[in-house]
Structure formats: C-alpha cells, structure tokens
Amino acid sequence: MTSLPEELARWLPRASERVAGLTPEPRLEQVGRVRRVGDGVAVVAGLPETRLDELIVFANGAHGLAVTLDDESFGCFLLSSHEGIGAGSLVRGTGQVIRVPVGEGLLGRIVNPLGQPLDGGPPVEADRYDPVERPAPAIADRDLVSQPLHSGLVVVDSMVPLGRGQRELIIGDRKTGKTAIAIDTIVNQRDTDVICIYAAIGQRESAVSRSVAPLRERGDFSRCIVVVAEASAPAGTQWLAPYAACTMAEYFSERGRDVLLVLDDLTKHANVHRQLSLLLRNPPGREAYPGDVFYLHGRLLERAAKLSPERGGGSLTALPIAETQAGNLTAYIPTNLISITDGQIYLEPKLFYEGHKPAVDVSRSVSRVGGKTQAAAMRAVADTLKLDYAQFLELEAFTRFGGLSDERTQRTIEHGRRIRAVLEQPQLQPLRLSEQVALLLALKEGLLDEVSLEDVPRFKELVREHLPRSCGRAMTHIDERHELGEGQRNQLLAALRALVEGLRDEPDEEG
Ligand SMILES: Nc1ncnc2c1ncn2[C@@H]1O[C@H](COP(=O)(O)OP(=O)(O)OP(=O)(O)O)[C@@H](O)[C@H]1O
Ligand SMILES: [Mg+2]
C-alpha cells in the first residue's frame, strides 16, 4: 500500500500540468432562487430572461414549466415532486421550451406526458423532440373534413357520424359510458390505417388499466400510443398530458397519416389547471376557474384538423371527453367545450340506468361536420332514422301514462322499440359498415317489425353470422366503396327476409 504523501507526489505534477493547459474564462450563468414552493407549483425570483413555457431545472434535478411571468419573479408548474426543493434553492433556466419525443418508436407504447415509458419497456426511441405547445394549422393549410371515421357503433355512425379531422365532444355524467365509446372507436380502427392515441388525464390507475386492456386484446395496439398522467402524478404532468399527446399525434398527421386522439378527460384537465392557477394566486373567475380556461382548451383543440393536400392531406381527429354534473350542459367547462368542438355525443344517465347502452341521447347529440362525410350506403338507410326515433321517444313518453293509442300510434311505438333495440350495442363489439347498413335496411324496410322485440338481439347475431357468407360480395362492396347499389340492396333484402322467416319458424321447430 502506498502512503498518502507518495500518492499526492505522483498526482500533483499531472494535476498542475492539466491546470497549466487551461485558460480560465469568465462564464456568466444566471441562477434564480425559489421563493415559494408546494402543491405542484413554485415561484422563482431572479431569472429575468425566462420565457413562457420554458423548461427550468431545480438544483435537485427536478423540472418545471414557466407559466406566469411577473416583474421580478415567475410562476411554474412542477413536473415532478417538490421533494428536495425549498425556499432559496437554486434554479437554472434552459432557454428551451418544453419538448416531448415523437416518432414511430412511440407506437405500441404506454408513456407518461414526458415520453418516458410506463410499460416496463426500454426507453422510447425518439425520431425528434417537438414542443408540446405548437400553433394550430393556419386556415390555408386546412381542408374540408371529407372522409368518415367509423366508430363501429350504430348509434354514432348512423346519427352522429364522425369525419376525419373533426373534433367531437363526448359528454355526460360520471359512469355513463363515455370512455367506452372512445375505446370502442379505437378498437374499431384495427381494420383501418388510423393511428390512435389515448390520453388518460387524472384518472385512477385501475381505470386506466381497464381502458387499456381492450386496446391490447381487441385493437391493433401496434398502431396505438397511450399517454398516462394518472391522478397521483404531479399536477404539472397532468396539465401537460393533452398537449403532449397532441404533439405526438401531429407527428403522424403531418406525414399524411390519419390520427385519432382521445382526451379522457378535459374536465379533470380544467380542474388541474384551476388548482395550479389558484396556487399561483391568479385571479379566479367563473366557478373559480381562471380567465384563460377557454383559451386553455381552444388552443389545444384547434390543433385538430384535416390538412390540405399541399400539407400532406393527413388528419387529426379529436375526441375530447367531458364530465357533467347532473346533466348540466350549461356549466362553464361543458359550454366552453361545446362551443369549441364540432358537435357532441351526449350520454344520458337515465338511458344508461334503463339499460339502453350506449346511452346516447340522440336529440341532444349533433355532429356539425361529420354528416357530409357519411358513407352513401349509410345515408341511404339512415336518412329518416333520427326523426323516426325522436317521434317514437315523444310518443312513448306520452302514452306511458295511458294516453290515446290508436293503431297507427301503436305501430310507430313498436317500430321505435325496434330502432332502440338496433341501436343498443354491447361494449367492444364494433359492427362493420356493411353490418350496420344491413341492420338499418331491415329496419327501414319494415322487416324487423315482423320480428318480436325479444328476438331482435338474436336477429342481430344472425346478421353478423350469415350475411358475410350469404351475400359476401355485396357486404365487401359496401365496406370498400361505401355505396349501396340496387343490386346489393336486393341481395341484402332477400337474405334479411330469409333470416326473418327463419326466426319466425324457430319457435315452431323447437316446439
Ligand atoms: N355499451 C355498453 N354496454 C354495456 N356496458 C357498458 C357499455 N358502455 C359502458 N358500459 C359499462 O358502463 C360502465 C361505465 O362505463 P365508462 O367507464 O365507459 O363510463 P365513463 O362515463 O367513462 O365513467 P367515468 O365517469 O368513471 O369516466 C362500465 O362498467 C362499462 O363497462
Ligand atoms: Mg371514463
């Protein structure tokens, strides 16, 4: 063992050589100091050149996002826990706005809003790092929404059709099947080329895993990205989640791909924004939300667009979700979101509890741009559906208490009950366009009126089982060309009639 002086004697000449080779230069580094920290926010003084959305680094390595600027200080959202940060801690600016990894490497992954894996896999291979806040495409870069995006749900595709590039709000009270509609729509994209991104904001982990499981089992997960900021994550990352997910989506839409972005849900996002803003002592406005809460979601949802051919013709369809309290659509956040989006799918708790699922209240749901994109085949069989159904609902309410019911009224009601039975659909059983068209054709042509109400579910099963075989060509034609010609129509009708007759004979055979 060498003694310490010997060691020093060997080391010193080398160290002095190295020091001699250096020319010391002054370096200016601005540092700030934390004034106040806690509950997901910090106020920092002394970094006068900080910009909005700049990523800042605390002495313990934690990151923050500058969101409000004052004369002498700025407020920031913390993107990790505030452990190890105290009043007086040093802070450095990075001069960079906050960015997330984007690229093909994210497909099939579950990540947090910073792009770090949550699925136990290796780090994400990023193609680039893009800012989370980006300007929405300009008017000249946009095109009209012209292609349908099929959800696989009869009630949606027939009466509130979605188009690629549209923004459709899914809104309803808690536990009314909002997430289920979005997940079903993603699962239904397994046979398309649409890339799906699901952002879970402020949900419990168990709820997230319940939503993600069907994507893995039933959907094409290799074309999905799941961005999770669960309720226990730092509030700053929950705040960031929808923007980060949108940036990840834009990478694909800007390359000409069609992307579906689900934001589940923006009510929780608005609440996180309110919480953080109040902690930064921004003045509260209506319902204690800060004044910029409209802008918060407006600038996000404006990024959804159908791009012009010059910009590659891709599309970013957004399905934001919002929760109402006791069906109140006039509360602050719901009205804001309704006015920002191109329509809403409203879920009604009463329908849900009566077992009519998906519990879409057709009279209060609209799609302001999707109608023009609806497949011609669907339009041909669903043109009077909404009216017929609305008429039925009114009559049903009227006759429930023994109002007058002549034969015609009775017929309308019986027909309406069959419409409702066709619209009912279990979770994770999306129907192909051709199957939906066949069912609605049977309804429109009065074939279903000959089937007893209890037999309608069985009839739906038979359609799925038999029609692809008995009129495969016609079904493929509808799926691929979205049209229903005279020939296919007759072929379908003949097959449907045979099914109805088979059903009517069934009890006799059994008996
Ligand atoms: N079409 C359906 N058929 C049968 N069950 C359904 C259907 N849609 C939803 N459900 C069930 O209803 C329950 C609530 O659905 P979901 O979680 O989608 O509602 P939510 O509105 O997103 O709830 P939350 O307010 O918790 O976010 C779930 O147990 C789900 O399985
Ligand atoms: Mg939900």
# chains A, B, ... in the order shown; residues from 1 in each chain; ligands from 1
$ residues_around --residues "range 239-255 of chain A" --least-positions-apart "6" --cutoff "6 Å" --atoms "only C-alpha atoms" --output "number ranges by chain"
A: 102, 113, 132, 314-316
$ residues_near_ligand --ligand "ligand 2" --cutoff "7 Å" --atoms "only C-alpha atoms and all ligand atoms" --output "list of chain:residue names"
A:Lys175, A:Gly177, A:Lys178, A:Thr179, A:Asp264
$ residues_near_ligand --ligand "ligand 1" --cutoff "9 Å" --atoms "only C-alpha atoms and all ligand atoms" --output "mmCIF file with N, CA and C atoms, in the first residue's frame"
data_model
loop_
_atom_site.group_PDB
_atom_site.id
_atom_site.type_symbol
_atom_site.label_atom_id
_atom_site.label_comp_id
_atom_site.auth_asym_id
_atom_site.auth_seq_id
_atom_site.Cartn_x
_atom_site.Cartn_y
_atom_site.Cartn_z
ATOM 1 N N LEU A 153 -70.068 1.893 -33.867
ATOM 2 C CA LEU A 153 -71.285 1.936 -33.051
ATOM 3 C C LEU A 153 -72.417 2.426 -33.940
ATOM 4 N N ILE A 171 -69.730 13.745 -24.011
ATOM 5 C CA ILE A 171 -70.049 14.426 -22.752
ATOM 6 C C ILE A 171 -71.191 13.714 -22.036
ATOM 7 N N GLY A 172 -71.114 13.678 -20.721
ATOM 8 C CA GLY A 172 -72.173 13.044 -19.937
ATOM 9 C C GLY A 172 -71.752 12.966 -18.484
ATOM 10 N N ASP A 173 -72.707 12.577 -17.634
ATOM 11 C CA ASP A 173 -72.402 12.441 -16.211
ATOM 12 C C ASP A 173 -71.372 11.334 -16.002
ATOM 13 N N ARG A 174 -70.943 11.202 -14.757
ATOM 14 C CA ARG A 174 -69.963 10.148 -14.469
ATOM 15 C C ARG A 174 -70.613 8.774 -14.668
ATOM 16 N N LYS A 175 -69.792 7.827 -15.101
ATOM 17 C CA LYS A 175 -70.222 6.432 -15.297
ATOM 18 C C LYS A 175 -71.429 6.309 -16.222
ATOM 19 N N THR A 176 -71.343 6.943 -17.365
ATOM 20 C CA THR A 176 -72.431 6.782 -18.333
ATOM 21 C C THR A 176 -71.919 6.163 -19.629
ATOM 22 N N GLY A 177 -70.648 5.710 -19.622
ATOM 23 C CA GLY A 177 -70.125 5.037 -20.810
ATOM 24 C C GLY A 177 -69.374 5.948 -21.769
ATOM 25 N N LYS A 178 -68.819 7.057 -21.260
ATOM 26 C CA LYS A 178 -68.077 7.986 -22.132
ATOM 27 C C LYS A 178 -66.805 7.333 -22.648
ATOM 28 N N THR A 179 -66.017 6.797 -21.708
ATOM 29 C CA THR A 179 -64.765 6.157 -22.104
ATOM 30 C C THR A 179 -65.053 4.988 -23.034
ATOM 31 N N ALA A 180 -66.136 4.260 -22.752
ATOM 32 C CA ALA A 180 -66.450 3.066 -23.554
ATOM 33 C C ALA A 180 -66.628 3.442 -25.030
ATOM 34 N N ILE A 181 -67.272 4.567 -25.304
ATOM 35 C CA ILE A 181 -67.476 4.979 -26.697
ATOM 36 C C ILE A 181 -66.134 5.252 -27.371
ATOM 37 N N ALA A 182 -65.254 5.948 -26.649
ATOM 38 C CA ALA A 182 -63.949 6.277 -27.227
ATOM 39 C C ALA A 182 -63.125 5.010 -27.461
ATOM 40 N N ILE A 183 -63.138 4.106 -26.482
ATOM 41 C CA ILE A 183 -62.333 2.888 -26.608
ATOM 42 C C ILE A 183 -62.880 2.023 -27.752
ATOM 43 N N ASP A 184 -64.208 1.930 -27.851
ATOM 44 C CA ASP A 184 -64.795 1.162 -28.950
ATOM 45 C C ASP A 184 -64.368 1.740 -30.297
ATOM 46 N N GLN A 203 -56.916 10.152 -14.167
ATOM 47 C CA GLN A 203 -57.757 9.003 -13.806
ATOM 48 C C GLN A 203 -57.024 8.127 -12.792
ATOM 49 N N ALA A 207 -58.638 2.508 -13.405
ATOM 50 C CA ALA A 207 -59.492 2.893 -14.530
ATOM 51 C C ALA A 207 -58.677 2.881 -15.823
ATOM 52 N N ARG A 210 -58.144 -0.595 -17.011
ATOM 53 C CA ARG A 210 -59.369 -1.156 -17.565
ATOM 54 C C ARG A 210 -59.589 -0.663 -19.001
ATOM 55 N N SER A 211 -59.185 0.578 -19.279
ATOM 56 C CA SER A 211 -59.364 1.104 -20.622
ATOM 57 C C SER A 211 -58.321 0.539 -21.586
ATOM 58 N N ASP A 264 -59.112 11.977 -22.386
ATOM 59 C CA ASP A 264 -60.038 11.463 -21.373
ATOM 60 C C ASP A 264 -59.563 11.869 -19.967
ATOM 61 N N ASP A 265 -60.034 12.921 -19.298
ATOM 62 C CA ASP A 265 -60.997 13.828 -19.861
ATOM 63 C C ASP A 265 -60.614 15.268 -19.557
ATOM 64 N N ILE A 321 -63.258 14.301 -24.045
ATOM 65 C CA ILE A 321 -64.336 13.804 -23.186
ATOM 66 C C ILE A 321 -64.541 14.821 -22.066
ATOM 67 N N ALA A 322 -65.786 15.060 -21.688
ATOM 68 C CA ALA A 322 -66.057 15.975 -20.582
ATOM 69 C C ALA A 322 -67.128 15.377 -19.692
ATOM 70 N N GLU A 323 -67.009 15.644 -18.412
ATOM 71 C CA GLU A 323 -67.980 15.106 -17.450
ATOM 72 C C GLU A 323 -68.914 16.219 -16.996
ATOM 73 N N LEU A 347 -74.362 11.687 -23.442
ATOM 74 C CA LEU A 347 -74.790 10.439 -22.810
ATOM 75 C C LEU A 347 -75.708 10.753 -21.636
ATOM 76 N N PHE A 352 -78.912 5.131 -19.514
ATOM 77 C CA PHE A 352 -77.912 4.172 -19.061
ATOM 78 C C PHE A 352 -78.505 3.252 -17.991
ATOM 79 N N GLY A 355 -80.758 0.637 -19.053
ATOM 80 C CA GLY A 355 -80.104 -0.455 -19.774
ATOM 81 C C GLY A 355 -79.974 -0.216 -21.269
ATOM 82 N N HIS A 356 -80.298 1.003 -21.727
ATOM 83 C CA HIS A 356 -80.148 1.281 -23.153
ATOM 84 C C HIS A 356 -78.733 1.790 -23.401
ATOM 85 N N LYS A 357 -77.823 0.865 -23.682
ATOM 86 C CA LYS A 357 -76.416 1.247 -23.851
ATOM 87 C C LYS A 357 -75.984 0.985 -25.285
ATOM 88 N N PRO A 358 -75.161 1.828 -25.878
ATOM 89 C CA PRO A 358 -74.635 3.095 -25.383
ATOM 90 C C PRO A 358 -75.762 4.105 -25.177
ATOM 91 N N ALA A 359 -75.661 4.856 -24.059
ATOM 92 C CA ALA A 359 -76.779 5.690 -23.627
ATOM 93 C C ALA A 359 -76.780 7.050 -24.316
ATOM 94 N N GLU A 424 -78.919 -0.424 -29.547
ATOM 95 C CA GLU A 424 -78.220 -0.961 -28.374
ATOM 96 C C GLU A 424 -77.070 -1.840 -28.835
ATOM 97 N N GLN A 425 -75.946 -1.716 -28.155
ATOM 98 C CA GLN A 425 -74.767 -2.462 -28.590
ATOM 99 C C GLN A 425 -73.852 -2.697 -27.408
ATOM 100 N N PRO A 426 -73.457 -3.950 -27.181
ATOM 101 C CA PRO A 426 -72.538 -4.188 -26.062
ATOM 102 C C PRO A 426 -71.180 -3.562 -26.360
ATOM 103 N N GLN A 427 -70.394 -3.415 -25.275
ATOM 104 C CA GLN A 427 -69.054 -2.876 -25.453
ATOM 105 C C GLN A 427 -68.206 -3.807 -26.295
ATOM 106 N N LEU A 428 -67.236 -3.244 -26.980
ATOM 107 C CA LEU A 428 -66.205 -3.998 -27.702
ATOM 108 C C LEU A 428 -66.769 -4.950 -28.744
ATOM 109 N N GLN A 429 -67.924 -4.606 -29.296
ATOM 110 C CA GLN A 429 -68.440 -5.392 -30.412
ATOM 111 C C GLN A 429 -68.765 -4.453 -31.557
#
$ residues_around --residues "Gly285 in chain A" --least-positions-apart "6" --cutoff "12 Å" --atoms "only C-alpha atoms" --output "list of chain:residue names"
A:Arg274, A:Ser277, A:Leu278, A:Gly291, A:Asp292, A:Val293, A:Phe294, A:Tyr332
$ select_by_dssp --residues "range 7-239 of chain A" --states "alpha helix (DSSP H)" --output "PyMOL selection string"
chain A and resi 7-20+154-159+178-188+205-217+235-239
$ write_last_selection --atoms "C-alpha atoms" --output "short mmCIF file (atom, residue, chain, number, x, y, z; two decimals), in the first residue's frame"
data_model
loop_
_atom_site.label_atom_id
_atom_site.label_comp_id
_atom_site.auth_asym_id
_atom_site.auth_seq_id
_atom_site.Cartn_x
_atom_site.Cartn_y
_atom_site.Cartn_z
CA GLU A 7 0.19 9.21 -3.89
CA LEU A 8 0.00 13.00 -3.74
CA ALA A 9 3.50 13.35 -5.10
CA ARG A 10 2.55 11.29 -8.16
CA TRP A 11 -0.71 13.06 -8.68
CA LEU A 12 0.37 16.67 -8.20
CA PRO A 13 2.67 17.09 -11.25
CA ARG A 14 -0.07 15.69 -13.53
CA ALA A 15 -2.70 17.94 -11.99
CA SER A 16 -0.52 21.03 -12.29
CA GLU A 17 0.20 20.13 -15.96
CA ARG A 18 -3.52 19.97 -16.61
CA VAL A 19 -4.21 23.21 -14.82
CA ALA A 20 -1.40 24.93 -16.72
CA VAL A 154 -74.60 2.02 -34.91
CA VAL A 155 -75.96 4.94 -32.92
CA VAL A 156 -72.91 7.07 -33.68
CA ASP A 157 -72.27 6.13 -37.29
CA SER A 158 -75.92 6.45 -38.28
CA MET A 159 -76.92 9.62 -36.45
CA LYS A 178 -68.08 7.99 -22.13
CA THR A 179 -64.77 6.16 -22.10
CA ALA A 180 -66.45 3.07 -23.55
CA ILE A 181 -67.48 4.98 -26.70
CA ALA A 182 -63.95 6.28 -27.23
CA ILE A 183 -62.33 2.89 -26.61
CA ASP A 184 -64.80 1.16 -28.95
CA THR A 185 -63.94 3.70 -31.63
CA ILE A 186 -60.23 3.00 -31.20
CA VAL A 187 -60.80 -0.76 -31.28
CA ASN A 188 -62.81 -0.35 -34.48
CA GLU A 205 -54.64 3.71 -12.31
CA SER A 206 -57.25 0.95 -12.15
CA ALA A 207 -59.49 2.89 -14.53
CA VAL A 208 -56.60 3.39 -16.94
CA SER A 209 -55.70 -0.28 -16.97
CA ARG A 210 -59.37 -1.16 -17.56
CA SER A 211 -59.36 1.10 -20.62
CA VAL A 212 -56.02 -0.05 -21.98
CA ALA A 213 -56.65 -3.80 -21.68
CA PRO A 214 -59.21 -3.92 -24.55
CA LEU A 215 -56.87 -1.90 -26.76
CA ARG A 216 -54.25 -4.59 -26.34
CA GLU A 217 -56.65 -7.51 -26.59
CA ALA A 235 -50.32 18.03 -11.27
CA GLY A 236 -47.94 19.66 -13.76
CA THR A 237 -47.66 16.47 -15.82
CA GLN A 238 -51.45 16.01 -15.76
CA TRP A 239 -51.71 19.53 -17.08
#
$ residues_around --residues "Glu506 in chain A" --least-positions-apart "5" --cutoff "12 Å" --atoms "only C-alpha atoms" --output "list in words"
Val451, Asp455, Arg458, Phe459, Leu499, Val500, Glu501 and Gly511 of chain A
$ residues_around --residues "Gln410 in chain A" --least-positions-apart "3" --cutoff "10 Å" --atoms "only C-alpha atoms" --output "NGL selection string"
:A and (392 or 395-396 or 399 or 404-407 or 413-416)
$ write_last_selection --atoms "C-alpha atoms" --output "mmCIF file, in the first residue's frame"
data_model
loop_
_atom_site.group_PDB
_atom_site.id
_atom_site.type_symbol
_atom_site.label_atom_id
_atom_site.label_comp_id
_atom_site.auth_asym_id
_atom_site.auth_seq_id
_atom_site.Cartn_x
_atom_site.Cartn_y
_atom_site.Cartn_z
ATOM 1 C CA PHE A 392 -91.111 7.467 -31.051
ATOM 2 C CA LEU A 395 -94.959 9.201 -28.278
ATOM 3 C CA GLU A 396 -93.598 6.716 -25.802
ATOM 4 C CA THR A 399 -98.546 7.049 -23.953
ATOM 5 C CA LEU A 404 -104.507 7.703 -26.516
ATOM 6 C CA SER A 405 -103.012 4.971 -28.616
ATOM 7 C CA ASP A 406 -104.709 4.160 -31.879
ATOM 8 C CA GLU A 407 -103.357 1.542 -34.194
ATOM 9 C CA ILE A 413 -94.152 2.791 -30.978
ATOM 10 C CA GLU A 414 -93.473 -0.833 -31.878
ATOM 11 C CA HIS A 415 -91.212 0.322 -34.719
ATOM 12 C CA GLY A 416 -89.436 2.749 -32.379
#
$ closest_residue --among "A:Glu29, A:Glu348, A:Glu483, A:Glu230" --to "Ala326 in chain A" --atoms "only C-alpha atoms"
A:Glu348
$ closest_residue --among "A:Leu260, A:Asn336, A:Glu454, A:Thr317" --to "Arg286 in chain A" --atoms "only C-alpha atoms"
A:Asn336
$ residues_around --residues "Val437 in chain A" --least-positions-apart "5" --cutoff "10 Å" --atoms "only C-alpha atoms" --output "number ranges by chain"
A: 154, 158, 375, 377-382, 431-432, 442-443, 475, 478-479, 482-484, 489, 492
$ write_last_selection --atoms "N, CA and C atoms" --output "mmCIF file, in the first residue's frame"
data_model
loop_
_atom_site.group_PDB
_atom_site.id
_atom_site.type_symbol
_atom_site.label_atom_id
_atom_site.label_comp_id
_atom_site.auth_asym_id
_atom_site.auth_seq_id
_atom_site.Cartn_x
_atom_site.Cartn_y
_atom_site.Cartn_z
ATOM 1 N N VAL A 154 -73.505 1.667 -33.993
ATOM 2 C CA VAL A 154 -74.595 2.017 -34.907
ATOM 3 C C VAL A 154 -75.136 3.407 -34.587
ATOM 4 N N SER A 158 -74.707 6.150 -37.527
ATOM 5 C CA SER A 158 -75.919 6.448 -38.278
ATOM 6 C C SER A 158 -76.434 7.852 -38.007
ATOM 7 N N ALA A 375 -71.004 7.782 -45.154
ATOM 8 C CA ALA A 375 -70.977 6.893 -46.310
ATOM 9 C C ALA A 375 -72.347 6.918 -46.993
ATOM 10 N N ALA A 377 -73.923 4.666 -48.480
ATOM 11 C CA ALA A 377 -74.723 3.493 -48.121
ATOM 12 C C ALA A 377 -75.450 3.722 -46.806
ATOM 13 N N MET A 378 -74.747 4.339 -45.865
ATOM 14 C CA MET A 378 -75.356 4.610 -44.560
ATOM 15 C C MET A 378 -76.431 5.666 -44.694
ATOM 16 N N ARG A 379 -76.156 6.704 -45.488
ATOM 17 C CA ARG A 379 -77.125 7.785 -45.640
ATOM 18 C C ARG A 379 -78.423 7.236 -46.240
ATOM 19 N N ALA A 380 -78.267 6.272 -47.152
ATOM 20 C CA ALA A 380 -79.444 5.738 -47.832
ATOM 21 C C ALA A 380 -80.387 5.015 -46.862
ATOM 22 N N VAL A 381 -79.815 4.404 -45.826
ATOM 23 C CA VAL A 381 -80.679 3.626 -44.933
ATOM 24 C C VAL A 381 -80.989 4.353 -43.631
ATOM 25 N N ALA A 382 -80.263 5.459 -43.342
ATOM 26 C CA ALA A 382 -80.449 6.115 -42.042
ATOM 27 C C ALA A 382 -81.039 7.511 -42.186
ATOM 28 N N LEU A 431 -69.448 -2.935 -35.101
ATOM 29 C CA LEU A 431 -70.009 -3.539 -36.310
ATOM 30 C C LEU A 431 -69.379 -2.895 -37.523
ATOM 31 N N ARG A 432 -69.169 -3.717 -38.557
ATOM 32 C CA ARG A 432 -68.649 -3.168 -39.804
ATOM 33 C C ARG A 432 -69.734 -2.349 -40.469
ATOM 34 N N ALA A 442 -82.996 -3.483 -42.782
ATOM 35 C CA ALA A 442 -84.080 -4.329 -42.280
ATOM 36 C C ALA A 442 -85.090 -3.487 -41.499
ATOM 37 N N LEU A 443 -84.575 -2.509 -40.792
ATOM 38 C CA LEU A 443 -85.432 -1.627 -40.003
ATOM 39 C C LEU A 443 -86.262 -0.740 -40.921
ATOM 40 N N MET A 475 -71.575 -7.303 -49.247
ATOM 41 C CA MET A 475 -71.064 -6.750 -47.987
ATOM 42 C C MET A 475 -69.686 -6.109 -48.208
ATOM 43 N N ILE A 478 -69.984 -2.797 -49.948
ATOM 44 C CA ILE A 478 -70.391 -1.702 -49.062
ATOM 45 C C ILE A 478 -69.204 -1.247 -48.210
ATOM 46 N N ASP A 479 -68.452 -2.219 -47.681
ATOM 47 C CA ASP A 479 -67.324 -1.855 -46.819
ATOM 48 C C ASP A 479 -66.251 -1.095 -47.573
ATOM 49 N N HIS A 482 -68.338 1.998 -49.865
ATOM 50 C CA HIS A 482 -69.280 2.797 -49.062
ATOM 51 C C HIS A 482 -70.590 3.078 -49.799
ATOM 52 N N GLU A 483 -70.906 2.271 -50.807
ATOM 53 C CA GLU A 483 -72.130 2.516 -51.586
ATOM 54 C C GLU A 483 -73.071 1.319 -51.469
ATOM 55 N N LEU A 484 -74.346 1.613 -51.680
ATOM 56 C CA LEU A 484 -75.346 0.553 -51.681
ATOM 57 C C LEU A 484 -76.107 0.651 -53.003
ATOM 58 N N ARG A 489 -78.585 -3.990 -52.696
ATOM 59 C CA ARG A 489 -79.749 -3.761 -51.853
ATOM 60 C C ARG A 489 -80.706 -4.956 -51.938
ATOM 61 N N LEU A 492 -79.207 -8.040 -50.282
ATOM 62 C CA LEU A 492 -79.296 -7.945 -48.816
ATOM 63 C C LEU A 492 -80.730 -8.186 -48.346
#
$ residues_around --residues "Pro468 in chain A" --least-positions-apart "3" --cutoff "12 Å" --atoms "only C-alpha atoms" --output "list in words"
Arg432, Leu433, Ser434, Glu435, Ala438, Glu461, Leu462, Val463, Arg464, Glu465, Cys471, Gly472, Arg473, Ala474, Met475, Thr476, His477, Ile478, Asp479, Gln491, Leu492, Ala495 and Leu496 of chain A
$ select_by_dssp --residues "range 292-419 of chain A" --states "strand (DSSP E)" --output "list in words"
Ser315, Leu316, Thr317, Ala318, Leu319, Pro320, Ile321, Ala322, Glu323, Gly343, Gln344, Ile345, Tyr346, Leu347, Val366 and Ser367 of chain A
$ write_last_selection --atoms "all heavy atoms" --output "CSV table (one decimal), in the first residue's frame"
chain,number,residue,atom,x,y,z
A,315,SER,N,-54.8,13.9,-41.2
A,315,SER,CA,-55.9,14.4,-40.4
A,315,SER,C,-55.7,14.1,-39.0
A,315,SER,O,-55.0,13.1,-38.6
A,315,SER,CB,-57.3,13.9,-40.9
A,315,SER,OG,-57.4,12.5,-40.5
A,316,LEU,N,-56.1,15.0,-38.1
A,316,LEU,CA,-56.1,14.7,-36.7
A,316,LEU,C,-57.5,14.9,-36.1
A,316,LEU,O,-58.0,16.0,-36.1
A,316,LEU,CB,-55.1,15.7,-36.0
A,316,LEU,CG,-55.0,15.7,-34.5
A,316,LEU,CD1,-54.8,14.3,-33.9
A,316,LEU,CD2,-53.9,16.6,-34.0
A,317,THR,N,-58.1,13.8,-35.8
A,317,THR,CA,-59.5,13.8,-35.3
A,317,THR,C,-59.4,13.8,-33.8
A,317,THR,O,-58.7,13.0,-33.2
A,317,THR,CB,-60.2,12.5,-35.7
A,317,THR,OG1,-60.0,12.3,-37.1
A,317,THR,CG2,-61.7,12.6,-35.4
A,318,ALA,N,-60.1,14.7,-33.1
A,318,ALA,CA,-60.0,14.7,-31.6
A,318,ALA,C,-61.4,14.3,-31.0
A,318,ALA,O,-62.4,14.8,-31.5
A,318,ALA,CB,-59.6,16.1,-31.2
A,319,LEU,N,-61.3,13.4,-30.1
A,319,LEU,CA,-62.5,13.1,-29.3
A,319,LEU,C,-62.2,13.5,-27.8
A,319,LEU,O,-61.8,12.6,-27.0
A,319,LEU,CB,-62.8,11.6,-29.4
A,319,LEU,CG,-63.3,11.0,-30.7
A,319,LEU,CD1,-63.5,9.5,-30.5
A,319,LEU,CD2,-64.5,11.7,-31.2
A,320,PRO,N,-62.4,14.7,-27.5
A,320,PRO,CA,-62.3,15.1,-26.1
A,320,PRO,C,-63.5,14.6,-25.3
A,320,PRO,O,-64.6,14.5,-25.9
A,320,PRO,CB,-62.3,16.7,-26.1
A,320,PRO,CG,-63.0,17.0,-27.4
A,320,PRO,CD,-62.7,15.9,-28.4
A,321,ILE,N,-63.3,14.3,-24.0
A,321,ILE,CA,-64.3,13.8,-23.2
A,321,ILE,C,-64.5,14.8,-22.1
A,321,ILE,O,-63.6,15.4,-21.6
A,321,ILE,CB,-64.0,12.4,-22.6
A,321,ILE,CG1,-63.9,11.4,-23.8
A,321,ILE,CG2,-65.0,11.9,-21.6
A,321,ILE,CD1,-63.5,10.0,-23.4
A,322,ALA,N,-65.8,15.1,-21.7
A,322,ALA,CA,-66.1,16.0,-20.6
A,322,ALA,C,-67.1,15.4,-19.7
A,322,ALA,O,-68.0,14.7,-20.2
A,322,ALA,CB,-66.5,17.3,-21.1
A,323,GLU,N,-67.0,15.6,-18.4
A,323,GLU,CA,-68.0,15.1,-17.5
A,323,GLU,C,-68.9,16.2,-17.0
A,323,GLU,O,-68.5,17.3,-16.7
A,323,GLU,CB,-67.2,14.5,-16.2
A,323,GLU,CG,-68.1,13.8,-15.3
A,323,GLU,CD,-67.3,13.3,-14.1
A,323,GLU,OE1,-66.4,12.5,-14.3
A,323,GLU,OE2,-67.7,13.7,-13.0
A,343,GLY,N,-69.4,19.5,-32.5
A,343,GLY,CA,-70.5,18.7,-32.1
A,343,GLY,C,-70.3,17.9,-30.9
A,343,GLY,O,-69.2,17.9,-30.4
A,344,GLN,N,-71.3,17.3,-30.4
A,344,GLN,CA,-71.2,16.5,-29.1
A,344,GLN,C,-72.0,15.2,-29.2
A,344,GLN,O,-73.1,15.2,-29.8
A,344,GLN,CB,-71.4,17.3,-27.9
A,344,GLN,CG,-72.9,17.6,-27.6
A,344,GLN,CD,-73.4,18.9,-28.3
A,344,GLN,OE1,-72.6,19.6,-28.9
A,344,GLN,NE2,-74.7,19.1,-28.3
A,345,ILE,N,-71.5,14.2,-28.5
A,345,ILE,CA,-72.3,13.0,-28.3
A,345,ILE,C,-72.7,13.1,-26.8
A,345,ILE,O,-71.8,13.0,-25.9
A,345,ILE,CB,-71.4,11.7,-28.5
A,345,ILE,CG1,-71.1,11.7,-30.0
A,345,ILE,CG2,-72.1,10.5,-28.1
A,345,ILE,CD1,-70.1,10.6,-30.4
A,346,TYR,N,-74.0,13.2,-26.5
A,346,TYR,CA,-74.4,13.4,-25.1
A,346,TYR,C,-74.9,12.1,-24.6
A,346,TYR,O,-75.8,11.5,-25.2
A,346,TYR,CB,-75.5,14.5,-25.0
A,346,TYR,CG,-76.0,14.7,-23.6
A,346,TYR,CD1,-75.2,15.1,-22.6
A,346,TYR,CD2,-77.3,14.3,-23.3
A,346,TYR,CE1,-75.6,15.2,-21.3
A,346,TYR,CE2,-77.8,14.4,-22.0
A,346,TYR,CZ,-76.9,14.8,-21.0
A,346,TYR,OH,-77.4,14.9,-19.8
A,347,LEU,N,-74.4,11.7,-23.4
A,347,LEU,CA,-74.8,10.4,-22.8
A,347,LEU,C,-75.7,10.8,-21.6
A,347,LEU,O,-75.4,11.6,-20.8
A,347,LEU,CB,-73.6,9.7,-22.3
A,347,LEU,CG,-72.7,9.2,-23.5
A,347,LEU,CD1,-71.3,8.8,-23.0
A,347,LEU,CD2,-73.4,8.1,-24.3
A,366,VAL,N,-75.2,16.1,-31.7
A,366,VAL,CA,-75.1,16.5,-33.1
A,366,VAL,C,-73.6,16.3,-33.6
A,366,VAL,O,-72.7,16.2,-32.8
A,366,VAL,CB,-75.4,18.0,-33.3
A,366,VAL,CG1,-76.8,18.3,-33.2
A,366,VAL,CG2,-74.5,18.9,-32.3
A,367,SER,N,-73.5,16.2,-34.9
A,367,SER,CA,-72.2,16.2,-35.5
A,367,SER,C,-72.3,17.3,-36.6
A,367,SER,O,-73.0,17.1,-37.6
A,367,SER,CB,-71.9,14.9,-36.1
A,367,SER,OG,-70.8,14.9,-36.8
$ atom_distance --atom1 "CA of Gly202 in chain A" --atom2 "CA of Gly64 in chain A"
18.7 Å
$ atom_distance --atom1 "CA of Arg469 in chain A" --atom2 "CA of Asp505 in chain A"
21.1 Å
